[in-house]
>>> print(open('upload.cif').read())   # mmCIF, C-alpha atoms
data_my_file
#
loop_
_atom_site.group_PDB
_atom_site.id
_atom_site.type_symbol
_atom_site.label_atom_id
_atom_site.label_comp_id
_atom_site.auth_asym_id
_atom_site.auth_seq_id
_atom_site.Cartn_x
_atom_site.Cartn_y
_atom_site.Cartn_z
ATOM 1 C CA MET A 250 -3.139 58.695 52.826
ATOM 2 C CA SER A 251 -5.944 56.255 53.469
ATOM 3 C CA ALA A 252 -5.019 52.632 54.160
ATOM 4 C CA SER A 253 -8.343 51.330 52.843
ATOM 5 C CA THR A 254 -7.615 52.233 49.187
ATOM 6 C CA ALA A 255 -4.703 49.739 49.063
ATOM 7 C CA THR A 256 -6.840 46.846 50.312
ATOM 8 C CA PRO A 257 -8.166 44.682 47.438
ATOM 9 C CA ALA A 258 -11.729 43.482 47.570
ATOM 10 C CA PRO A 259 -12.043 39.889 48.842
ATOM 11 C CA ALA A 260 -12.299 37.358 46.050
ATOM 12 C CA ASP A 261 -15.893 36.372 46.771
ATOM 13 C CA GLU A 262 -17.041 39.962 46.358
ATOM 14 C CA ARG A 263 -15.827 40.195 42.743
ATOM 15 C CA PRO A 264 -18.455 39.750 40.062
ATOM 16 C CA PRO A 265 -18.531 36.031 39.047
ATOM 17 C CA ALA A 266 -16.763 35.279 35.790
ATOM 18 C CA ARG A 267 -19.525 34.603 33.290
ATOM 19 C CA ALA A 268 -19.010 32.061 30.553
ATOM 20 C CA ARG A 269 -19.420 34.091 27.387
ATOM 21 C CA VAL A 270 -20.444 32.094 24.360
ATOM 22 C CA SER A 271 -19.829 33.915 21.124
ATOM 23 C CA VAL A 272 -20.589 32.591 17.644
ATOM 24 C CA VAL A 273 -17.154 33.589 16.391
ATOM 25 C CA GLY A 274 -15.464 31.838 19.293
ATOM 26 C CA VAL A 275 -17.289 28.542 18.687
ATOM 27 C CA LEU A 276 -16.634 28.834 14.951
ATOM 28 C CA GLY A 277 -12.953 29.350 15.688
ATOM 29 C CA GLU A 278 -12.859 26.230 17.833
ATOM 30 C CA LEU A 279 -14.577 24.205 15.112
ATOM 31 C CA LEU A 280 -12.013 25.450 12.579
ATOM 32 C CA ILE A 281 -9.170 24.449 14.894
ATOM 33 C CA LEU A 282 -10.773 21.013 15.223
ATOM 34 C CA ALA A 283 -11.067 20.749 11.425
ATOM 35 C CA GLY A 284 -7.402 21.665 11.076
ATOM 36 C CA VAL A 285 -6.395 19.009 13.592
ATOM 37 C CA LEU A 286 -8.496 16.391 11.745
ATOM 38 C CA LEU A 287 -6.928 17.286 8.385
ATOM 39 C CA GLY A 288 -3.467 17.111 9.917
ATOM 40 C CA LEU A 289 -4.253 13.714 11.412
ATOM 41 C CA PHE A 290 -5.510 12.483 8.039
ATOM 42 C CA VAL A 291 -2.243 13.471 6.357
ATOM 43 C CA VAL A 292 -0.208 11.763 9.081
ATOM 44 C CA TRP A 293 -2.360 8.648 8.710
ATOM 45 C CA GLN A 294 -2.219 8.560 4.912
ATOM 46 C CA LEU A 295 1.464 9.320 4.455
ATOM 47 C CA PHE A 296 2.989 7.516 7.417
ATOM 48 C CA TYR A 297 0.644 5.222 9.270
ATOM 49 C CA THR A 298 -0.628 3.336 6.185
ATOM 50 C CA ASP A 299 2.986 2.557 5.283
ATOM 51 C CA VAL A 300 3.727 1.187 8.744
ATOM 52 C CA GLN A 301 0.541 -0.868 8.682
ATOM 53 C CA GLY A 302 0.938 -1.999 5.061
ATOM 54 C CA GLU A 303 4.546 -3.066 5.335
ATOM 55 C CA ARG A 304 3.852 -5.036 8.483
ATOM 56 C CA ALA A 305 0.758 -6.723 7.034
ATOM 57 C CA GLN A 306 2.463 -7.635 3.744
ATOM 58 C CA ARG A 307 5.484 -8.983 5.580
ATOM 59 C CA GLU A 308 3.209 -11.160 7.715
ATOM 60 C CA VAL A 309 1.440 -12.474 4.630
ATOM 61 C CA VAL A 310 4.725 -13.415 2.949
ATOM 62 C CA GLU A 311 5.980 -15.126 6.104
ATOM 63 C CA SER A 312 2.732 -17.085 6.447
ATOM 64 C CA LEU A 313 3.029 -18.627 2.962
ATOM 65 C CA GLU A 314 4.233 -22.161 3.571
ATOM 66 C CA TRP A 315 5.310 -22.638 -0.039
ATOM 67 C CA ALA A 316 7.305 -19.406 -0.353
ATOM 68 C CA ASP A 317 11.057 -20.109 -0.663
ATOM 69 C CA SER A 318 12.324 -19.566 2.868
ATOM 70 C CA ASP A 319 15.768 -18.357 1.763
ATOM 71 C CA VAL A 320 14.120 -15.664 -0.316
ATOM 72 C CA VAL A 321 11.710 -14.682 2.446
ATOM 73 C CA ASP A 322 14.611 -14.354 4.883
ATOM 74 C CA GLY A 323 16.592 -12.384 2.303
ATOM 75 C CA ILE A 324 19.637 -13.602 0.384
ATOM 76 C CA SER A 325 22.491 -11.216 1.017
ATOM 77 C CA ALA A 326 25.205 -10.631 -1.574
ATOM 78 C CA ALA A 327 27.622 -12.654 0.567
ATOM 79 C CA GLU A 328 25.316 -15.691 0.597
ATOM 80 C CA ALA A 329 24.459 -15.472 -3.087
ATOM 81 C CA SER A 330 27.439 -17.530 -4.249
ATOM 82 C CA ASP A 331 26.345 -20.475 -2.061
ATOM 83 C CA GLN A 332 22.786 -20.358 -3.295
ATOM 84 C CA GLU A 333 21.603 -23.188 -5.557
ATOM 85 C CA THR A 334 20.246 -21.855 -8.840
ATOM 86 C CA ILE A 335 17.870 -23.476 -11.281
ATOM 87 C CA PRO A 336 19.804 -25.501 -13.893
ATOM 88 C CA ASP A 337 19.214 -24.541 -17.534
ATOM 89 C CA ASP A 338 17.632 -27.882 -18.470
ATOM 90 C CA LEU A 339 14.719 -27.209 -16.096
ATOM 91 C CA LYS A 340 13.881 -23.813 -17.614
ATOM 92 C CA ARG A 341 10.853 -24.122 -19.835
ATOM 93 C CA THR A 342 8.781 -21.843 -22.027
ATOM 94 C CA ASP A 343 5.777 -24.107 -22.637
ATOM 95 C CA ASP A 344 2.548 -24.087 -20.625
ATOM 96 C CA PRO A 345 3.227 -23.973 -16.861
ATOM 97 C CA PRO A 346 1.557 -26.408 -14.434
ATOM 98 C CA ALA A 347 -2.166 -25.697 -14.344
ATOM 99 C CA MET A 348 -3.237 -23.904 -11.197
ATOM 100 C CA ASP A 349 -6.714 -23.365 -9.830
ATOM 101 C CA TYR A 350 -7.880 -19.822 -10.413
ATOM 102 C CA PRO A 351 -7.305 -18.137 -7.012
ATOM 103 C CA ALA A 352 -10.234 -17.058 -4.874
ATOM 104 C CA PHE A 353 -10.792 -13.341 -4.340
ATOM 105 C CA THR A 354 -8.114 -11.948 -1.944
ATOM 106 C CA GLU A 355 -6.178 -15.245 -2.002
ATOM 107 C CA THR A 356 -2.388 -14.724 -2.091
ATOM 108 C CA PHE A 357 -1.178 -17.041 -4.857
ATOM 109 C CA ALA A 358 2.316 -15.745 -5.653
ATOM 110 C CA THR A 359 5.253 -13.770 -4.346
ATOM 111 C CA MET A 360 6.978 -11.097 -6.407
ATOM 112 C CA MET A 361 10.688 -10.340 -6.368
ATOM 113 C CA VAL A 362 12.407 -7.499 -8.207
ATOM 114 C CA PRO A 363 16.220 -7.453 -7.887
ATOM 115 C CA ARG A 364 16.274 -3.803 -9.008
ATOM 116 C CA TRP A 365 14.276 -2.948 -5.890
ATOM 117 C CA GLY A 366 16.677 -4.647 -3.521
ATOM 118 C CA GLU A 367 17.682 -8.164 -2.527
ATOM 119 C CA ASP A 368 15.109 -8.130 0.265
ATOM 120 C CA TYR A 369 12.170 -7.172 -1.964
ATOM 121 C CA VAL A 370 9.553 -9.928 -1.586
ATOM 122 C CA LYS A 371 5.882 -8.984 -1.795
ATOM 123 C CA PRO A 372 2.677 -11.016 -1.884
ATOM 124 C CA VAL A 373 0.506 -11.047 -5.019
ATOM 125 C CA SER A 374 -3.186 -11.519 -4.257
ATOM 126 C CA GLU A 375 -6.299 -11.928 -6.365
ATOM 127 C CA GLY A 376 -8.393 -8.846 -7.100
ATOM 128 C CA THR A 377 -7.704 -5.132 -7.424
ATOM 129 C CA THR A 378 -10.218 -3.493 -5.090
ATOM 130 C CA ARG A 379 -8.585 -1.164 -2.631
ATOM 131 C CA ALA A 380 -10.328 -2.043 0.618
ATOM 132 C CA ASP A 381 -9.928 -5.825 0.200
ATOM 133 C CA VAL A 382 -6.655 -6.251 -1.676
ATOM 134 C CA LEU A 383 -4.495 -3.250 -2.587
ATOM 135 C CA ASP A 384 -4.584 -1.433 0.760
ATOM 136 C CA PRO A 385 -4.094 -4.389 3.121
ATOM 137 C CA LEU A 386 -2.331 -6.967 0.907
ATOM 138 C CA GLY A 387 -0.177 -4.922 -1.452
ATOM 139 C CA ILE A 388 -0.037 -6.174 -5.019
ATOM 140 C CA GLY A 389 -3.301 -7.222 -6.664
ATOM 141 C CA HIS A 390 -3.961 -9.332 -9.778
ATOM 142 C CA TYR A 391 -6.541 -8.033 -12.229
ATOM 143 C CA THR A 392 -9.409 -10.502 -12.210
ATOM 144 C CA ASP A 393 -9.671 -12.679 -15.326
ATOM 145 C CA THR A 394 -6.294 -11.678 -16.721
ATOM 146 C CA ALA A 395 -3.726 -14.437 -17.284
ATOM 147 C CA LEU A 396 -2.071 -16.205 -14.369
ATOM 148 C CA PRO A 397 1.746 -16.297 -14.158
ATOM 149 C CA GLY A 398 3.284 -17.965 -17.210
ATOM 150 C CA GLU A 399 0.021 -18.305 -19.106
ATOM 151 C CA ILE A 400 -0.474 -17.061 -22.643
ATOM 152 C CA GLY A 401 -2.078 -13.628 -22.286
ATOM 153 C CA ASN A 402 -1.349 -10.719 -20.016
ATOM 154 C CA PHE A 403 -0.539 -11.312 -16.351
ATOM 155 C CA ALA A 404 -1.742 -7.918 -15.103
ATOM 156 C CA ILE A 405 -1.048 -6.641 -11.582
ATOM 157 C CA SER A 406 -1.408 -3.373 -9.738
ATOM 158 C CA GLY A 407 -0.001 -1.856 -6.568
ATOM 159 C CA HIS A 408 0.387 1.382 -4.661
ATOM 160 C CA ARG A 409 3.294 3.639 -5.572
ATOM 161 C CA THR A 410 2.901 5.711 -2.410
ATOM 162 C CA THR A 411 1.368 4.785 0.962
ATOM 163 C CA TYR A 412 0.031 1.390 2.181
ATOM 164 C CA GLY A 413 3.508 -0.165 2.121
ATOM 165 C CA LYS A 414 3.990 1.150 -1.457
ATOM 166 C CA PRO A 415 5.016 -2.094 -3.240
ATOM 167 C CA PHE A 416 5.575 -0.245 -6.547
ATOM 168 C CA ALA A 417 7.300 2.792 -4.999
ATOM 169 C CA ASP A 418 10.337 2.639 -7.270
ATOM 170 C CA VAL A 419 8.535 1.777 -10.505
ATOM 171 C CA SER A 420 10.230 4.664 -12.302
ATOM 172 C CA GLU A 421 13.668 3.120 -11.642
ATOM 173 C CA LEU A 422 12.939 -0.008 -13.677
ATOM 174 C CA GLU A 423 14.993 -0.312 -16.839
ATOM 175 C CA ALA A 424 14.526 -2.464 -19.912
ATOM 176 C CA GLY A 425 15.773 -5.964 -19.187
ATOM 177 C CA ASP A 426 15.207 -5.814 -15.422
ATOM 178 C CA SER A 427 13.922 -9.116 -14.070
ATOM 179 C CA LEU A 428 10.445 -9.489 -12.590
ATOM 180 C CA ILE A 429 10.357 -12.802 -10.719
ATOM 181 C CA PHE A 430 7.357 -14.638 -9.287
ATOM 182 C CA GLN A 431 6.992 -17.791 -7.267
ATOM 183 C CA THR A 432 3.800 -19.781 -6.849
ATOM 184 C CA GLU A 433 3.265 -23.010 -4.963
ATOM 185 C CA ASP A 434 4.452 -25.020 -7.977
ATOM 186 C CA ALA A 435 6.792 -22.913 -10.036
ATOM 187 C CA TRP A 436 9.102 -19.978 -10.550
ATOM 188 C CA PHE A 437 8.331 -17.478 -13.317
ATOM 189 C CA VAL A 438 10.833 -15.016 -14.725
ATOM 190 C CA TYR A 439 9.805 -12.030 -16.846
ATOM 191 C CA HIS A 440 11.783 -8.978 -17.899
ATOM 192 C CA VAL A 441 10.816 -5.349 -18.402
ATOM 193 C CA GLU A 442 10.315 -4.337 -22.036
ATOM 194 C CA SER A 443 8.786 -0.863 -21.944
ATOM 195 C CA TRP A 444 6.746 1.594 -19.927
ATOM 196 C CA GLU A 445 4.213 4.294 -20.643
ATOM 197 C CA ILE A 446 2.030 6.848 -18.899
ATOM 198 C CA VAL A 447 -1.665 6.533 -19.696
ATOM 199 C CA GLN A 448 -5.057 7.827 -18.622
ATOM 200 C CA PRO A 449 -6.826 5.863 -15.859
ATOM 201 C CA THR A 450 -9.486 4.693 -18.331
ATOM 202 C CA GLN A 451 -7.060 3.149 -20.838
ATOM 203 C CA VAL A 452 -7.883 -0.459 -19.997
ATOM 204 C CA GLU A 453 -6.278 -1.642 -23.242
ATOM 205 C CA VAL A 454 -2.933 -1.705 -21.411
ATOM 206 C CA ILE A 455 -4.071 -4.843 -19.577
ATOM 207 C CA ALA A 456 -5.682 -6.472 -22.637
ATOM 208 C CA PRO A 457 -4.566 -10.095 -23.316
ATOM 209 C CA THR A 458 -2.381 -8.649 -26.062
ATOM 210 C CA PRO A 459 -1.305 -5.378 -24.414
ATOM 211 C CA ASN A 460 -2.683 -2.282 -26.164
ATOM 212 C CA GLU A 461 -4.461 -4.416 -28.761
ATOM 213 C CA PRO A 462 -7.847 -5.215 -27.236
ATOM 214 C CA GLY A 463 -9.727 -7.975 -29.000
ATOM 215 C CA VAL A 464 -6.619 -9.545 -30.477
ATOM 216 C CA ALA A 465 -6.157 -13.156 -29.379
ATOM 217 C CA PRO A 466 -2.926 -13.408 -27.381
ATOM 218 C CA THR A 467 0.047 -15.408 -28.595
ATOM 219 C CA GLU A 468 2.632 -14.133 -26.107
ATOM 220 C CA ARG A 469 3.055 -14.547 -22.366
ATOM 221 C CA SER A 470 3.087 -10.929 -21.170
ATOM 222 C CA ILE A 471 3.103 -9.067 -17.900
ATOM 223 C CA THR A 472 1.724 -5.603 -17.170
ATOM 224 C CA MET A 473 2.087 -3.609 -13.960
ATOM 225 C CA THR A 474 -0.022 -0.528 -13.251
ATOM 226 C CA THR A 475 0.385 2.067 -10.524
ATOM 227 C CA CYS A 476 -0.485 5.697 -9.973
ATOM 228 C CA HIS A 477 1.201 8.648 -11.622
ATOM 229 C CA PRO A 478 2.324 11.247 -10.698
ATOM 230 C CA LYS A 479 3.174 10.248 -7.146
ATOM 231 C CA PHE A 480 0.427 11.100 -4.643
ATOM 232 C CA SER A 481 -2.015 11.634 -7.489
ATOM 233 C CA ALA A 482 -4.598 9.635 -9.378
ATOM 234 C CA ALA A 483 -4.463 11.746 -12.536
ATOM 235 C CA GLN A 484 -2.664 9.162 -14.647
ATOM 236 C CA ARG A 485 -1.225 5.642 -14.496
ATOM 237 C CA TRP A 486 2.359 4.471 -14.834
ATOM 238 C CA VAL A 487 2.303 1.219 -16.789
ATOM 239 C CA VAL A 488 5.179 -1.245 -17.217
ATOM 240 C CA HIS A 489 5.041 -3.970 -19.867
ATOM 241 C CA GLY A 490 7.266 -7.018 -19.822
ATOM 242 C CA SER A 491 7.697 -10.337 -21.515
ATOM 243 C CA PHE A 492 8.253 -13.901 -20.429
ATOM 244 C CA ASP A 493 11.634 -15.587 -20.135
ATOM 245 C CA TYR A 494 10.915 -19.011 -18.625
ATOM 246 C CA TRP A 495 9.287 -20.971 -15.860
ATOM 247 C CA ALA A 496 10.773 -23.755 -13.755
ATOM 248 C CA PRO A 497 9.431 -26.099 -11.103
ATOM 249 C CA VAL A 498 10.155 -25.238 -7.471
ATOM 250 C CA GLY A 499 12.604 -27.298 -5.433
ATOM 251 C CA HIS A 500 15.679 -26.936 -7.651
ATOM 252 C CA GLY A 501 17.088 -23.678 -6.345
ATOM 253 C CA VAL A 502 16.209 -20.097 -7.162
ATOM 254 C CA PRO A 503 16.360 -18.313 -10.539
ATOM 255 C CA GLU A 504 19.846 -16.959 -11.122
ATOM 256 C CA GLU A 505 18.272 -13.618 -12.083
ATOM 257 C CA LEU A 506 17.258 -13.254 -8.439
ATOM 258 C CA LEU A 507 20.903 -13.067 -7.384
ATOM 259 C CA GLU A 508 22.025 -10.660 -10.067
ATOM 260 C CA VAL A 509 22.337 -7.149 -8.775
ATOM 261 C CA PRO A 510 21.343 -4.828 -11.626
ATOM 262 C CA ALA A 511 23.933 -2.245 -12.589
ATOM 263 C CA MET B 1397 -16.804 27.834 24.336
ATOM 264 C CA ILE B 1398 -16.679 24.159 23.448
ATOM 265 C CA SER B 1399 -13.354 23.490 25.141
ATOM 266 C CA SER B 1400 -14.272 25.136 28.449
ATOM 267 C CA TRP B 1401 -17.688 23.453 28.419
ATOM 268 C CA LEU B 1402 -15.952 20.108 27.829
ATOM 269 C CA TRP B 1403 -13.458 20.738 30.620
ATOM 270 C CA ASN B 1404 -16.130 21.840 33.094
ATOM 271 C CA SER B 1405 -18.392 18.911 32.320
ATOM 272 C CA LEU B 1406 -15.689 16.390 33.220
ATOM 273 C CA PRO B 1407 -15.751 15.131 36.814
ATOM 274 C CA GLY B 1408 -12.982 15.093 39.356
ATOM 275 C CA PRO B 1409 -9.804 17.109 39.908
ATOM 276 C CA ALA B 1410 -7.707 18.520 37.075
ATOM 277 C CA LEU B 1411 -5.411 15.489 36.866
ATOM 278 C CA VAL B 1412 -8.331 13.074 36.510
ATOM 279 C CA ARG B 1413 -9.923 15.305 33.859
ATOM 280 C CA LEU B 1414 -6.661 15.363 31.936
ATOM 281 C CA LEU B 1415 -6.385 11.556 32.032
ATOM 282 C CA ILE B 1416 -9.981 11.130 30.870
ATOM 283 C CA LEU B 1417 -9.355 13.559 28.021
ATOM 284 C CA LEU B 1418 -6.220 11.710 26.905
ATOM 285 C CA VAL B 1419 -8.034 8.359 26.887
ATOM 286 C CA VAL B 1420 -10.951 9.825 24.917
ATOM 287 C CA ILE B 1421 -8.597 11.458 22.391
ATOM 288 C CA ALA B 1422 -6.696 8.179 21.949
ATOM 289 C CA ALA B 1423 -9.961 6.317 21.317
ATOM 290 C CA VAL B 1424 -11.135 8.917 18.809
ATOM 291 C CA VAL B 1425 -7.798 8.837 16.934
ATOM 292 C CA LEU B 1426 -7.906 5.029 16.817
ATOM 293 C CA ALA B 1427 -11.444 5.091 15.403
ATOM 294 C CA LEU B 1428 -10.386 7.666 12.813
ATOM 295 C CA PHE B 1429 -7.286 5.685 11.755
ATOM 296 C CA GLU B 1430 -9.001 2.309 11.568
ATOM 297 C CA TYR B 1431 -12.431 3.158 10.158
ATOM 298 C CA VAL B 1432 -13.026 6.765 9.140
ATOM 299 C CA PHE B 1433 -9.810 7.637 7.291
ATOM 300 C CA PRO B 1434 -9.677 4.432 5.183
ATOM 301 C CA TRP B 1435 -13.207 5.152 4.037
ATOM 302 C CA VAL B 1436 -12.437 8.819 3.330
ATOM 303 C CA SER B 1437 -9.285 7.910 1.388
ATOM 304 C CA GLU B 1438 -11.186 5.516 -0.825
ATOM 305 C CA ALA B 1439 -14.015 8.014 -1.342
ATOM 306 C CA LEU B 1440 -11.552 10.740 -2.343
ATOM 307 C CA GLY B 1441 -9.904 8.410 -4.851
ATOM 308 C CA VAL B 1442 -6.514 10.097 -4.959
ATOM 309 C CA GLN B 1443 -4.628 6.845 -4.359
ATOM 310 C CA GLU B 1444 -6.029 4.771 -7.237
ATOM 311 C CA THR B 1445 -3.556 2.560 -9.044
ATOM 312 C CA THR B 1446 -5.732 0.526 -11.403
ATOM 313 C CA VAL B 1447 -6.991 1.089 -14.903
ATOM 314 C CA GLU B 1448 -10.723 0.579 -15.300
ATOM 315 C CA GLU B 1449 -13.635 1.458 -17.518
ATOM 316 C CA SER B 1450 -14.986 4.858 -16.510
#
>>> encode(input="upload.cif", output="structure tokens")
Amino acid sequence: MSASTATPAPADERPPARARVSVVGVLGELLILAGVLLGLFVVWQLFYTDVQGERAQREVVESLEWADSDVVDGISAAEASDQETIPDDLKRTDDPPAMDYPAFTETFATMMVPRWGEDYVKPVSEGTTRADVLDPLGIGHYTDTALPGEIGNFAISGHRTTYGKPFADVSELEAGDSLIFQTEDAWFVYHVESWEIVQPTQVEVIAPTPNEPGVAPTERSITMTTCHPKFSAAQRWVVHGSFDYWAPVGHGVPEELLEVPA
Amino acid sequence: MISSWLWNSLPGPALVRLLILLVVIAAVVLALFEYVFPWVSEALGVQETTVEES
């Protein structure tokens, strides 16, 4: 038995570990990196844009000096009975107070939908480009369509998924559901009439007379567009509604706002 | 390998290297979330909600 065979060579006598660069190894690392980036993108799109969007839209609503503060704070079912509502003699169906056409990205109204919860209050801003309006501000108003209460089609659009998803529950709307807006001067109450699924190029849905392009409008309509199916841009979910009344601000809230849909 | 080259090119002891890496990763993720991903999402066009002339 020789003692020397059991003695390991000192560390500094071993051959130095050489960094081996192989094409396959680098390719593998790049693929891992690509996978991480794709995963991050999904996390960003599905979760982070909602966090960001909801916070930003909430801040916009809270910054509107003219927005009804009770509504912004949320009227709970318990408080609803104490809430002043607009008397019938102030409800009108003629032309609403003239308002200056809003500047691009200007938030000129708030939207409330009782079907979507008593705390649903979202800003409505001018324009429908994604980077400037729909992604950061929520609901956008199609440029050169009617303003709230005007004869023609008040056409708006919003995300159904991601970016705070203002129109997330669009498929739950039923005929007769109230769509309520407030501007600096007035309240506007519409109700849902119908809905349809169309191709993204079917711009006739937002025509002044919905689905009848070129026909001079006689009605005060509303049209909402959002994506369909969820997480896709293949089609559009479109909701049409018609006008009930407008009323000046300062005399309570529309009673429709306090009605919890069955 | 990219990862071992990156690790070896960082200065200081292992703990300092780890901290530097974490800060760099946080900065890269922030840049992706704030600038790159919004642009990519719009370019992909899978989140469109509007009707428009094609």
>>> residues_around(input="upload.cif", residues="Ile1421 in chain B", least_positions_apart="6", cutoff="12 Å", atoms="only C-alpha atoms", output="list in words")
Val285 and Leu286 of chain A; Leu1414, Leu1415, Ala1427 and Leu1428 of chain B
>>> interface_residues(input="upload.cif", of="chain A", to="chain B", cutoff="8 Å", atoms="all atoms listed in the file", output="ChimeraX atom specification")
/A:268-271,274-275,278,290,293-294,377,379-380,406-410,448-452,474-476,480-482,485
>>> closest_residue(input="upload.cif", among="A:Glu314, A:Asp299, A:Glu367, A:Asp381", to="Glu328 in chain A", atoms="all atoms listed in the file")
A:Glu367
>>> residues_around(input="upload.cif", residues="range 315-327 of chain A", least_positions_apart="4", cutoff="10 Å", atoms="only C-alpha atoms", output="PyMOL selection string")
chain A and resi 307+310-311+331-332+357-359+361+366-372+431-434+498-499+501-502+506-509
>>> write_last_selection(input="upload.cif", atoms="C-alpha atoms", output="JSON list (two decimals), keeping the file's coordinate frame")
[["chain", "number", "residue", "atom", "x", "y", "z"],
["A", 307, "ARG", "CA", 5.48, -8.98, 5.58],
["A", 310, "VAL", "CA", 4.72, -13.42, 2.95],
["A", 311, "GLU", "CA", 5.98, -15.13, 6.10],
["A", 331, "ASP", "CA", 26.34, -20.48, -2.06],
["A", 332, "GLN", "CA", 22.79, -20.36, -3.30],
["A", 357, "PHE", "CA", -1.18, -17.04, -4.86],
["A", 358, "ALA", "CA", 2.32, -15.74, -5.65],
["A", 359, "THR", "CA", 5.25, -13.77, -4.35],
["A", 361, "MET", "CA", 10.69, -10.34, -6.37],
["A", 366, "GLY", "CA", 16.68, -4.65, -3.52],
["A", 367, "GLU", "CA", 17.68, -8.16, -2.53],
["A", 368, "ASP", "CA", 15.11, -8.13, 0.26],
["A", 369, "TYR", "CA", 12.17, -7.17, -1.96],
["A", 370, "VAL", "CA", 9.55, -9.93, -1.59],
["A", 371, "LYS", "CA", 5.88, -8.98, -1.80],
["A", 372, "PRO", "CA", 2.68, -11.02, -1.88],
["A", 431, "GLN", "CA", 6.99, -17.79, -7.27],
["A", 432, "THR", "CA", 3.80, -19.78, -6.85],
["A", 433, "GLU", "CA", 3.26, -23.01, -4.96],
["A", 434, "ASP", "CA", 4.45, -25.02, -7.98],
["A", 498, "VAL", "CA", 10.15, -25.24, -7.47],
["A", 499, "GLY", "CA", 12.60, -27.30, -5.43],
["A", 501, "GLY", "CA", 17.09, -23.68, -6.34],
["A", 502, "VAL", "CA", 16.21, -20.10, -7.16],
["A", 506, "LEU", "CA", 17.26, -13.25, -8.44],
["A", 507, "LEU", "CA", 20.90, -13.07, -7.38],
["A", 508, "GLU", "CA", 22.02, -10.66, -10.07],
["A", 509, "VAL", "CA", 22.34, -7.15, -8.78]]
>>> residues_around(input="upload.cif", residues="Met473 in chain A", least_positions_apart="3", cutoff="10 Å", atoms="all atoms listed in the file", output="CSV table (one decimal) with C-alpha atoms, keeping the file's coordinate frame")
chain,number,residue,atom,x,y,z
A,388,ILE,CA,0.0,-6.2,-5.0
A,389,GLY,CA,-3.3,-7.2,-6.7
A,390,HIS,CA,-4.0,-9.3,-9.8
A,391,TYR,CA,-6.5,-8.0,-12.2
A,402,ASN,CA,-1.3,-10.7,-20.0
A,403,PHE,CA,-0.5,-11.3,-16.4
A,404,ALA,CA,-1.7,-7.9,-15.1
A,405,ILE,CA,-1.0,-6.6,-11.6
A,406,SER,CA,-1.4,-3.4,-9.7
A,407,GLY,CA,0.0,-1.9,-6.6
A,416,PHE,CA,5.6,-0.2,-6.5
A,419,VAL,CA,8.5,1.8,-10.5
A,441,VAL,CA,10.8,-5.3,-18.4
A,444,TRP,CA,6.7,1.6,-19.9
A,454,VAL,CA,-2.9,-1.7,-21.4
A,455,ILE,CA,-4.1,-4.8,-19.6
A,485,ARG,CA,-1.2,5.6,-14.5
A,486,TRP,CA,2.4,4.5,-14.8
A,487,VAL,CA,2.3,1.2,-16.8
A,488,VAL,CA,5.2,-1.2,-17.2
A,489,HIS,CA,5.0,-4.0,-19.9
A,490,GLY,CA,7.3,-7.0,-19.8
B,1445,THR,CA,-3.6,2.6,-9.0
B,1446,THR,CA,-5.7,0.5,-11.4
>>> atom_distance(input="upload.cif", atom1="CA of Ser427 in chain A", atom2="CA of Thr472 in chain A")
13.1 Å
>>> atom_distance(input="upload.cif", atom1="CA of Ala456 in chain A", atom2="CA of Thr392 in chain A")
11.8 Å
>>> atom_distance(input="upload.cif", atom1="CA of Ala496 in chain A", atom2="CA of Trp436 in chain A")
5.2 Å
>>> resolve_selection(input="upload.cif", expression="the PyMOL selection byres ((chain A and resi 425) around 6)", output="ChimeraX atom specification")
/A:424,426,440-441
>>> residues_near_point(input="upload.cif", point="(17.3, -24.7, -9.2)", cutoff="6 Å", atoms="all atoms listed in the file", output="PDB file with C-alpha atoms, in the coordinates of the input")
ATOM      1  CA  GLU A 333      21.603 -23.188  -5.557  1.00  0.00           C
ATOM      2  CA  THR A 334      20.246 -21.855  -8.840  1.00  0.00           C
ATOM      3  CA  ILE A 335      17.870 -23.476 -11.281  1.00  0.00           C
ATOM      4  CA  PRO A 336      19.804 -25.501 -13.893  1.00  0.00           C
ATOM      5  CA  HIS A 500      15.679 -26.936  -7.651  1.00  0.00           C
ATOM      6  CA  GLY A 501      17.088 -23.678  -6.345  1.00  0.00           C
ATOM      7  CA  VAL A 502      16.209 -20.097  -7.162  1.00  0.00           C
TER       8      VAL A 502
END
>>> residues_around(input="upload.cif", residues="Ser491 in chain A", least_positions_apart="6", cutoff="7 Å", atoms="all atoms listed in the file", output="ChimeraX atom specification")
/A:439-442,469-471
>>> decode(input="upload.cif", residues="range 290-302 of chain A", atoms="C-alpha atoms", output="CSV table (one decimal), in the first residue's frame")
chain,number,residue,atom,x,y,z
A,290,PHE,CA,-44.8,40.9,-21.5
A,291,VAL,CA,-47.8,38.8,-20.5
A,292,VAL,CA,-47.5,39.8,-16.9
A,293,TRP,CA,-47.3,43.5,-18.0
A,294,GLN,CA,-50.3,43.2,-20.4
A,295,LEU,CA,-52.6,41.2,-18.2
A,296,PHE,CA,-51.9,42.6,-14.8
A,297,TYR,CA,-49.7,45.6,-14.7
A,298,THR,CA,-51.8,47.6,-17.3
A,299,ASP,CA,-54.8,47.0,-15.1
A,300,VAL,CA,-53.1,48.3,-12.0
A,301,GLN,CA,-51.8,51.3,-13.9
A,302,GLY,CA,-55.0,52.0,-15.7
